[in-house]
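Source file: target_37.tsv (TSV, C-alpha atoms and all ligand atoms)
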chain	number	residue	atom	x	y	z
A	1	MET	CA	-44.11	-10.70	-41.51
A	2	ALA	CA	-43.80	-10.79	-37.74
A	3	PRO	CA	-46.08	-8.55	-35.71
A	4	LEU	CA	-44.55	-5.25	-34.75
A	5	PRO	CA	-43.09	-5.26	-31.25
A	6	ASP	CA	-45.29	-3.51	-28.73
A	7	PHE	CA	-42.69	-1.47	-26.90
A	8	GLU	CA	-45.27	0.47	-24.94
A	9	ALA	CA	-46.61	-2.74	-23.39
A	10	LEU	CA	-43.12	-3.59	-22.15
A	11	ARG	CA	-42.24	-0.13	-20.91
A	12	LYS	CA	-42.25	0.13	-17.11
A	13	THR	CA	-44.30	2.91	-15.56
A	14	ASP	CA	-41.28	4.71	-14.07
A	15	TRP	CA	-39.33	4.84	-17.35
A	16	THR	CA	-39.09	8.07	-19.30
A	17	PRO	CA	-38.15	8.20	-23.00
A	18	PHE	CA	-34.51	9.09	-23.71
A	19	ASP	CA	-33.66	11.00	-26.88
A	20	ALA	CA	-30.32	9.47	-27.93
A	21	PRO	CA	-29.86	11.44	-31.20
A	22	SER	CA	-30.10	14.73	-29.35
A	23	LEU	CA	-27.09	13.62	-27.30
A	24	VAL	CA	-24.85	11.88	-29.86
A	25	GLY	CA	-26.31	12.83	-33.23
A	26	LYS	CA	-26.16	10.18	-35.95
A	27	SER	CA	-23.49	8.10	-34.20
A	28	LEU	CA	-25.91	5.28	-33.50
A	29	ARG	CA	-27.05	4.47	-37.04
A	30	PHE	CA	-25.45	1.02	-37.10
A	31	VAL	CA	-27.73	-0.43	-34.41
A	32	SER	CA	-30.60	1.89	-33.51
A	33	GLY	CA	-30.75	4.13	-36.54
A	34	ASP	CA	-33.69	2.36	-38.20
A	35	PRO	CA	-36.54	2.14	-35.67
A	36	GLN	CA	-38.76	0.30	-38.18
A	37	GLY	CA	-35.97	-1.84	-39.64
A	38	LYS	CA	-35.73	-5.59	-40.19
A	39	ARG	CA	-32.58	-6.04	-38.16
A	40	PHE	CA	-32.76	-4.13	-34.87
A	41	ARG	CA	-35.40	-1.85	-33.39
A	42	LEU	CA	-34.43	-0.04	-30.23
A	43	ARG	CA	-36.14	2.30	-27.83
A	44	TYR	CA	-34.24	4.13	-25.10
A	45	PHE	CA	-35.45	5.20	-21.67
A	46	ARG	CA	-34.14	6.29	-18.30
A	47	ASP	CA	-35.33	4.05	-15.50
A	48	GLY	CA	-36.43	5.09	-12.01
A	49	LYS	CA	-32.77	5.31	-10.92
A	50	ASN	CA	-31.92	7.50	-13.95
A	51	ASP	CA	-29.88	4.70	-15.51
A	52	LEU	CA	-30.19	4.16	-19.25
A	53	VAL	CA	-32.35	1.21	-20.24
A	54	ALA	CA	-33.12	-0.06	-23.72
A	55	LEU	CA	-35.74	-2.28	-25.25
A	56	ALA	CA	-34.19	-4.08	-28.20
A	57	TRP	CA	-36.06	-6.11	-30.80
A	58	PHE	CA	-33.94	-8.65	-32.66
A	59	GLY	CA	-35.31	-9.31	-36.14
A	60	GLU	CA	-34.77	-12.38	-38.26
A	61	GLU	CA	-31.78	-10.76	-39.98
A	62	THR	CA	-29.84	-10.96	-36.70
A	63	GLU	CA	-29.92	-14.75	-36.87
A	64	GLY	CA	-26.98	-16.84	-35.75
A	65	PRO	CA	-27.95	-20.23	-34.28
A	66	PRO	CA	-31.19	-21.27	-36.01
A	67	GLY	CA	-34.08	-19.22	-34.70
A	68	HIS	CA	-31.86	-17.24	-32.36
A	69	ALA	CA	-29.74	-14.11	-32.35
A	70	HIS	CA	-26.14	-14.11	-33.51
A	71	GLY	CA	-23.66	-13.37	-30.72
A	72	GLY	CA	-22.30	-10.48	-32.76
A	73	SER	CA	-25.74	-8.93	-32.93
A	74	MET	CA	-26.01	-9.07	-29.15
A	75	ALA	CA	-22.50	-7.63	-28.90
A	76	ALA	CA	-23.45	-4.77	-31.23
A	77	VAL	CA	-26.48	-3.92	-29.12
A	78	LEU	CA	-24.48	-4.10	-25.88
A	79	ASP	CA	-21.68	-1.98	-27.38
A	80	GLU	CA	-24.10	0.77	-28.33
A	81	VAL	CA	-26.29	0.67	-25.24
A	82	LEU	CA	-23.46	0.50	-22.71
A	83	GLY	CA	-21.41	3.16	-24.50
A	84	LEU	CA	-24.47	5.37	-24.69
A	85	ALA	CA	-25.10	4.78	-20.97
A	86	ALA	CA	-21.73	6.39	-20.24
A	87	TRP	CA	-22.58	9.36	-22.48
A	88	ALA	CA	-25.97	9.67	-20.80
A	89	ALA	CA	-24.19	9.84	-17.46
A	90	GLY	CA	-22.09	12.77	-18.70
A	91	HIS	CA	-18.97	10.97	-19.94
A	92	PRO	CA	-17.96	11.51	-23.59
A	93	ILE	CA	-16.28	8.17	-24.38
A	94	VAL	CA	-15.49	5.47	-26.85
A	95	VAL	CA	-15.57	1.81	-25.89
A	96	GLY	CA	-12.11	0.40	-25.17
A	97	ASN	CA	-13.03	-3.08	-24.02
A	98	LEU	CA	-16.28	-5.03	-24.07
A	99	ASN	CA	-16.36	-8.35	-22.24
A	100	ILE	CA	-19.50	-10.41	-22.75
A	101	HIS	CA	-20.74	-13.65	-21.24
A	102	PHE	CA	-23.44	-15.22	-23.40
A	103	ARG	CA	-25.72	-17.10	-21.01
A	104	LYS	CA	-28.79	-18.19	-22.96
A	105	LEU	CA	-29.98	-18.24	-26.59
A	106	LEU	CA	-32.08	-15.20	-27.49
A	107	PRO	CA	-35.13	-16.05	-29.65
A	108	LEU	CA	-35.57	-14.04	-32.86
A	109	GLU	CA	-38.50	-11.66	-33.23
A	110	SER	CA	-38.52	-10.98	-29.50
A	111	VAL	CA	-37.90	-7.84	-27.50
A	112	ALA	CA	-35.10	-7.98	-24.98
A	113	GLN	CA	-34.25	-5.49	-22.27
A	114	VAL	CA	-30.83	-4.00	-21.59
A	115	ASP	CA	-30.28	-2.61	-18.12
A	116	THR	CA	-27.18	-0.53	-17.50
A	117	GLU	CA	-25.26	0.80	-14.54
A	118	VAL	CA	-22.18	3.01	-14.40
A	119	VAL	CA	-20.26	1.18	-11.69
A	120	SER	CA	-17.05	3.22	-11.49
A	121	VAL	CA	-15.25	6.26	-12.84
A	122	LYS	CA	-11.46	6.30	-12.43
A	123	GLY	CA	-9.65	9.04	-14.31
A	124	ARG	CA	-10.59	8.60	-17.98
A	125	LYS	CA	-11.93	5.07	-17.39
A	126	VAL	CA	-15.65	4.60	-17.00
A	127	LEU	CA	-16.88	1.07	-16.27
A	128	VAL	CA	-20.44	0.30	-17.32
A	129	ARG	CA	-22.13	-2.99	-16.53
A	130	GLY	CA	-25.05	-4.32	-18.53
A	131	ARG	CA	-27.52	-7.17	-18.55
A	132	LEU	CA	-29.46	-8.32	-21.60
A	133	THR	CA	-32.59	-10.11	-20.38
A	134	ASP	CA	-36.12	-11.06	-21.34
A	135	GLY	CA	-37.33	-8.43	-18.87
A	136	LYS	CA	-37.97	-11.11	-16.26
A	137	GLU	CA	-35.76	-13.92	-14.99
A	138	GLY	CA	-34.20	-14.89	-18.30
A	139	LEU	CA	-30.60	-13.71	-18.71
A	140	TYR	CA	-29.30	-13.79	-22.30
A	141	ALA	CA	-25.98	-12.04	-21.73
A	142	GLU	CA	-24.12	-9.87	-19.29
A	143	ALA	CA	-21.26	-7.53	-20.05
A	144	ASP	CA	-18.62	-5.25	-18.61
A	145	CYS	CA	-17.83	-2.31	-20.83
A	146	LEU	CA	-14.68	-0.26	-20.20
A	147	CYS	CA	-15.17	3.15	-21.73
A	148	ILE	CA	-12.39	5.70	-22.20
A	149	ARG	CA	-13.06	9.43	-22.10
A	150	ILE	CA	-12.10	11.20	-25.30
A	151	LEU	CA	-12.94	14.80	-24.27
A	201	LIG	C1	-19.37	9.42	-30.48
A	201	LIG	C2	-20.78	8.93	-30.11
A	201	LIG	C3	-20.75	7.68	-29.30
A	201	LIG	C4	-22.13	7.08	-29.14
A	201	LIG	C5	-22.26	6.13	-27.97
A	201	LIG	C6	-21.24	5.03	-27.99
A	201	LIG	C7	-21.72	3.83	-28.72
A	201	LIG	C8	-20.69	3.26	-29.63
A	201	LIG	C9	-19.55	2.63	-28.87
A	201	LIG	C10	-18.48	2.24	-29.82
A	201	LIG	O1	-18.65	1.31	-30.60
A	201	LIG	S1	-17.04	3.14	-29.84
A	201	LIG	C11	-16.18	2.38	-31.22
A	201	LIG	C12	-15.33	1.22	-30.77
A	201	LIG	N1	-14.16	1.74	-30.06
A	201	LIG	C13	-13.10	2.12	-30.71
A	201	LIG	O2	-13.00	2.05	-31.91
A	201	LIG	C14	-12.00	2.66	-29.84
A	201	LIG	C15	-10.65	2.57	-30.53
A	201	LIG	N2	-9.60	2.90	-29.55
A	201	LIG	C16	-9.24	4.18	-29.32
A	201	LIG	O3	-9.76	5.14	-29.90
A	201	LIG	C17	-8.20	4.38	-28.30
A	201	LIG	O4	-7.47	3.19	-28.11
A	201	LIG	C18	-8.77	4.84	-26.92
A	201	LIG	C19	-9.38	6.25	-27.06
A	201	LIG	C20	-9.81	3.84	-26.36
A	201	LIG	C21	-7.63	4.90	-25.91
A	201	LIG	O5	-6.54	5.58	-26.50
A	201	LIG	P1	-5.82	6.75	-25.74
A	201	LIG	O6	-4.47	6.90	-26.38
A	201	LIG	O7	-6.66	7.96	-25.66
A	201	LIG	O8	-5.69	6.21	-24.24
A	201	LIG	P2	-4.43	5.69	-23.46
A	201	LIG	O9	-3.72	4.61	-24.20
A	201	LIG	O10	-3.64	6.90	-23.04
A	201	LIG	O11	-5.08	5.00	-22.17
A	201	LIG	C22	-5.81	5.78	-21.20
A	201	LIG	C23	-6.17	4.82	-20.09
A	201	LIG	O12	-7.19	3.91	-20.59
A	201	LIG	C24	-6.69	2.58	-20.56
A	201	LIG	N3	-7.09	1.94	-21.81
A	201	LIG	C25	-7.08	2.49	-23.03
A	201	LIG	N4	-7.54	1.65	-23.95
A	201	LIG	C26	-7.85	0.53	-23.29
A	201	LIG	C27	-8.39	-0.72	-23.70
A	201	LIG	N5	-8.69	-0.95	-24.97
A	201	LIG	N6	-8.59	-1.65	-22.76
A	201	LIG	C28	-8.30	-1.41	-21.47
A	201	LIG	N7	-7.80	-0.23	-21.02
A	201	LIG	C29	-7.57	0.71	-21.93
A	201	LIG	C30	-5.17	2.70	-20.49
A	201	LIG	O13	-4.62	1.55	-19.87
A	201	LIG	C31	-5.03	3.93	-19.63
A	201	LIG	O14	-5.25	3.60	-18.28
A	201	LIG	P3	-4.46	4.33	-17.09
A	201	LIG	O15	-4.91	5.77	-17.13
A	201	LIG	O16	-4.89	3.62	-15.83
A	201	LIG	O17	-3.01	4.16	-17.40
Kindly present the structure from the file in structure tokens form.
Amino acid sequence: MAPLPDFEALRKTDWTPFDAPSLVGKSLRFVSGDPQGKRFRLRYFRDGKNDLVALAWFGEETEGPPGHAHGGSMAAVLDEVLGLAAWAAGHPIVVGNLNIHFRKLLPLESVAQVDTEVVSVKGRKVLVRGRLTDGKEGLYAEADCLCIRIL
């Protein structure tokens, strides 16, 4: 059994916890709904710029390439986090298009960081950009997420 991820040690001092269920209810069960689960464990925050940021632990059940996360598991995390970033910025949306570049293998049993930024809002289209990193220089994936307002 791998040691539990120490999210608090990774949390930056200017981040404040973000209560996703209070915003979108149970819509996030697929990825972040089991904070003690064997697959994903996520914690949400707002960073010093008020952008949504997530710490995401990838458990051994997310395996794709040996010892590393499946691309679909990274896509699932990016889908949820970037879609939620639009909601957190006041845009009720679903994801219409998610374009991901996988840059580096993500080791299992590690905590990655997802930084988000709402880069444009044009009519019903909200473009959110995200980076999945090791919290330092290591870039695992980057994504553009086109969200479409539904309300
Ligand atoms: C509810 C809680 C959410 C919690 C946080 C989110 C995390 C989860 C994120 C997800 O996983 S959401 C689930 C995955 N997404 C879907 O299943 C979406 C399925 N697709 C749809 O429901 C509809 O296709 C959609 C609402 C996205 C668009 O249909 P509409 O009929 O409302 O839009 P329309 O076709 O009129 O297009 C409106 C504009 O968006 C553009 N557009 C729509 N879909 C697009 C697309 N897929 N790609 C690119 N552009 C798209 C379209 O070109 C157009 O641009 P213009 O205004 O400039 O003409």
**OP:** For ligand LIG 201 (chain A), list the contacting residues at 12 Å or closer, counting all atoms listed in the file, as a ChimeraX atom specification.
**Re:** /A:20-33,52,75-99,121-128,144-151
**OP:** State, in Å with one decimal place, the distance from atom CA of A:Leu132 to atom CA of A:Ala56.
**Re:**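 We find that atom CA of A:Leu132 and atom CA of A:Ala56 lie 9.2 Å from each other.
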Subject >> Residue nearest A:Leu42 among A:Leu4, A:Val111, A:Ala143, A:Ile100 (counting all atoms listed in the file) >> reply: A:Val111
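Using only C-alpha atoms, the residues found no farther than 7 Å from A:Glu60, other than those of its own chain fewer than 3 positions away, are Arg39, Glu63, Leu108 and Glu109 of chain A.
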**OP:** For atom CA of A:Trp57 and atom CA of A:Leu10, determine how far apart the two atoms are, in Å to one decimal place.
**Re:** 11.4 Å
Expected residue set, 9 Å radius at (-34.1, -9.4, -20.7), only C-alpha atoms, as a PDB file with C-alpha atoms, keeping the file's coordinate frame:
ATOM      1  CA  LEU A  55     -35.740  -2.280 -25.250  1.00  0.00           C
ATOM      2  CA  VAL A 111     -37.900  -7.840 -27.500  1.00  0.00           C
ATOM      3  CA  ALA A 112     -35.100  -7.980 -24.980  1.00  0.00           C
ATOM      4  CA  GLN A 113     -34.250  -5.490 -22.270  1.00  0.00           C
ATOM      5  CA  VAL A 114     -30.830  -4.000 -21.590  1.00  0.00           C
ATOM      6  CA  ASP A 115     -30.280  -2.610 -18.120  1.00  0.00           C
ATOM      7  CA  ARG A 131     -27.520  -7.170 -18.550  1.00  0.00           C
ATOM      8  CA  LEU A 132     -29.460  -8.320 -21.600  1.00  0.00           C
ATOM      9  CA  THR A 133     -32.590 -10.110 -20.380  1.00  0.00           C
ATOM     10  CA  ASP A 134     -36.120 -11.060 -21.340  1.00  0.00           C
ATOM     11  CA  GLY A 135     -37.330  -8.430 -18.870  1.00  0.00           C
ATOM     12  CA  LYS A 136     -37.970 -11.110 -16.260  1.00  0.00           C
ATOM     13  CA  GLU A 137     -35.760 -13.920 -14.990  1.00  0.00           C
ATOM     14  CA  GLY A 138     -34.200 -14.890 -18.300  1.00  0.00           C
ATOM     15  CA  LEU A 139     -30.600 -13.710 -18.710  1.00  0.00           C
ATOM     16  CA  TYR A 140     -29.300 -13.790 -22.300  1.00  0.00           C
ATOM     17  CA  ALA A 141     -25.980 -12.040 -21.730  1.00  0.00           C
TER      18      ALA A 141
END
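When the distance limit is 8 Å and only C-alpha atoms are what count, the residues near A:Ser110, minus those fewer than 3 positions from it on the same chain, are Pro5, Trp57, Phe58, Gly59, Leu106 and Pro107 of chain A.
Atom pair atom CA of A:His70 / atom CA of A:Thr116 has a distance of 21.0 Å (rounded to one decimal).
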Subject >> Of the listed residues A:Ser73, A:Ala54, A:Arg103, A:Gly64, that which approaches A:Phe7 most closely, counting all atoms listed in the file >> reply: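 When distances to A:Phe7 are compared using all atoms listed in the file, the smallest one comes from A:Ala54.
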Original post:
Near A:Gly48, within 12 Å and counting only C-alpha atoms, which residues show up once chain neighbours fewer than 6 positions away are dropped, as JSON, numbers by chain?
Top reply: {"A": [11, 12, 13, 14, 15, 16, 17, 115]}
Hey, could you patch up stretch 58-69 of chain A with all heavy atoms and hand it over as an mmCIF file, in the frame of the given file?
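As written to disk, out-v7.cif reads:
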data_model
loop_
_atom_site.group_PDB
_atom_site.id
_atom_site.type_symbol
_atom_site.label_atom_id
_atom_site.label_comp_id
_atom_site.auth_asym_id
_atom_site.auth_seq_id
_atom_site.Cartn_x
_atom_site.Cartn_y
_atom_site.Cartn_z
ATOM 1 N N PHE A 58 -34.877 -7.982 -31.766
ATOM 2 C CA PHE A 58 -33.940 -8.650 -32.660
ATOM 3 C C PHE A 58 -34.728 -9.312 -33.788
ATOM 4 O O PHE A 58 -35.461 -10.273 -33.554
ATOM 5 C CB PHE A 58 -33.130 -9.713 -31.897
ATOM 6 C CG PHE A 58 -32.099 -9.142 -30.952
ATOM 7 C CD1 PHE A 58 -32.477 -8.584 -29.742
ATOM 8 C CD2 PHE A 58 -30.756 -9.168 -31.285
ATOM 9 C CE1 PHE A 58 -31.531 -8.056 -28.873
ATOM 10 C CE2 PHE A 58 -29.793 -8.642 -30.425
ATOM 11 C CZ PHE A 58 -30.186 -8.084 -29.219
ATOM 12 N N GLY A 59 -34.587 -8.772 -34.985
ATOM 13 C CA GLY A 59 -35.310 -9.310 -36.140
ATOM 14 C C GLY A 59 -34.627 -10.538 -36.717
ATOM 15 O O GLY A 59 -33.532 -10.937 -36.300
ATOM 16 N N GLU A 60 -35.279 -11.117 -37.709
ATOM 17 C CA GLU A 60 -34.770 -12.380 -38.260
ATOM 18 C C GLU A 60 -33.410 -12.213 -38.933
ATOM 19 O O GLU A 60 -32.650 -13.170 -39.052
ATOM 20 C CB GLU A 60 -35.785 -12.998 -39.216
ATOM 21 C CG GLU A 60 -36.093 -12.150 -40.424
ATOM 22 C CD GLU A 60 -37.181 -12.778 -41.311
ATOM 23 O OE1 GLU A 60 -37.888 -13.693 -40.825
ATOM 24 O OE2 GLU A 60 -37.321 -12.344 -42.454
ATOM 25 N N GLU A 61 -33.081 -10.976 -39.345
ATOM 26 C CA GLU A 61 -31.780 -10.760 -39.980
ATOM 27 C C GLU A 61 -30.624 -10.738 -38.983
ATOM 28 O O GLU A 61 -29.466 -10.606 -39.376
ATOM 29 C CB GLU A 61 -31.809 -9.470 -40.805
ATOM 30 C CG GLU A 61 -32.738 -9.594 -42.007
ATOM 31 C CD GLU A 61 -32.676 -8.402 -42.925
ATOM 32 O OE1 GLU A 61 -31.881 -7.478 -42.668
ATOM 33 O OE2 GLU A 61 -33.433 -8.390 -43.910
ATOM 34 N N THR A 62 -30.923 -10.865 -37.699
ATOM 35 C CA THR A 62 -29.840 -10.960 -36.700
ATOM 36 C C THR A 62 -29.509 -12.423 -36.401
ATOM 37 O O THR A 62 -28.771 -12.716 -35.461
ATOM 38 C CB THR A 62 -30.222 -10.260 -35.385
ATOM 39 O OG1 THR A 62 -31.319 -10.977 -34.767
ATOM 40 C CG2 THR A 62 -30.623 -8.812 -35.599
ATOM 41 N N GLU A 63 -30.029 -13.321 -37.208
ATOM 42 C CA GLU A 63 -29.920 -14.750 -36.870
ATOM 43 C C GLU A 63 -28.480 -15.262 -36.841
ATOM 44 O O GLU A 63 -27.651 -14.932 -37.687
ATOM 45 C CB GLU A 63 -30.712 -15.575 -37.883
ATOM 46 C CG GLU A 63 -30.791 -17.043 -37.508
ATOM 47 C CD GLU A 63 -31.805 -17.793 -38.365
ATOM 48 O OE1 GLU A 63 -31.926 -17.490 -39.566
ATOM 49 O OE2 GLU A 63 -32.484 -18.683 -37.817
ATOM 50 N N GLY A 64 -28.225 -16.079 -35.854
ATOM 51 C CA GLY A 64 -26.980 -16.840 -35.750
ATOM 52 C C GLY A 64 -27.364 -18.305 -35.644
ATOM 53 O O GLY A 64 -27.716 -18.943 -36.638
ATOM 54 N N PRO A 65 -27.409 -18.878 -34.438
ATOM 55 C CA PRO A 65 -27.950 -20.230 -34.280
ATOM 56 C C PRO A 65 -29.400 -20.224 -34.773
ATOM 57 O O PRO A 65 -30.104 -19.229 -34.573
ATOM 58 C CB PRO A 65 -27.894 -20.471 -32.770
ATOM 59 C CG PRO A 65 -26.936 -19.466 -32.236
ATOM 60 C CD PRO A 65 -26.974 -18.288 -33.153
ATOM 61 N N PRO A 66 -29.852 -21.302 -35.424
ATOM 62 C CA PRO A 66 -31.190 -21.270 -36.010
ATOM 63 C C PRO A 66 -32.266 -20.786 -35.046
ATOM 64 O O PRO A 66 -32.405 -21.297 -33.933
ATOM 65 C CB PRO A 66 -31.436 -22.748 -36.391
ATOM 66 C CG PRO A 66 -30.074 -23.304 -36.610
ATOM 67 C CD PRO A 66 -29.175 -22.593 -35.638
ATOM 68 N N GLY A 67 -32.990 -19.746 -35.498
ATOM 69 C CA GLY A 67 -34.080 -19.220 -34.700
ATOM 70 C C GLY A 67 -33.660 -18.295 -33.575
ATOM 71 O O GLY A 67 -34.510 -17.810 -32.819
ATOM 72 N N HIS A 68 -32.361 -18.036 -33.485
ATOM 73 C CA HIS A 68 -31.860 -17.240 -32.360
ATOM 74 C C HIS A 68 -30.831 -16.208 -32.813
ATOM 75 O O HIS A 68 -30.239 -16.334 -33.894
ATOM 76 C CB HIS A 68 -31.251 -18.166 -31.296
ATOM 77 C CG HIS A 68 -32.250 -19.090 -30.671
ATOM 78 N ND1 HIS A 68 -32.580 -20.300 -31.236
ATOM 79 C CD2 HIS A 68 -33.022 -18.959 -29.565
ATOM 80 C CE1 HIS A 68 -33.506 -20.901 -30.497
ATOM 81 N NE2 HIS A 68 -33.794 -20.105 -29.476
ATOM 82 N N ALA A 69 -30.614 -15.229 -31.979
ATOM 83 C CA ALA A 69 -29.740 -14.110 -32.350
ATOM 84 C C ALA A 69 -28.272 -14.525 -32.404
ATOM 85 O O ALA A 69 -27.789 -15.305 -31.575
ATOM 86 C CB ALA A 69 -29.929 -12.975 -31.348
#
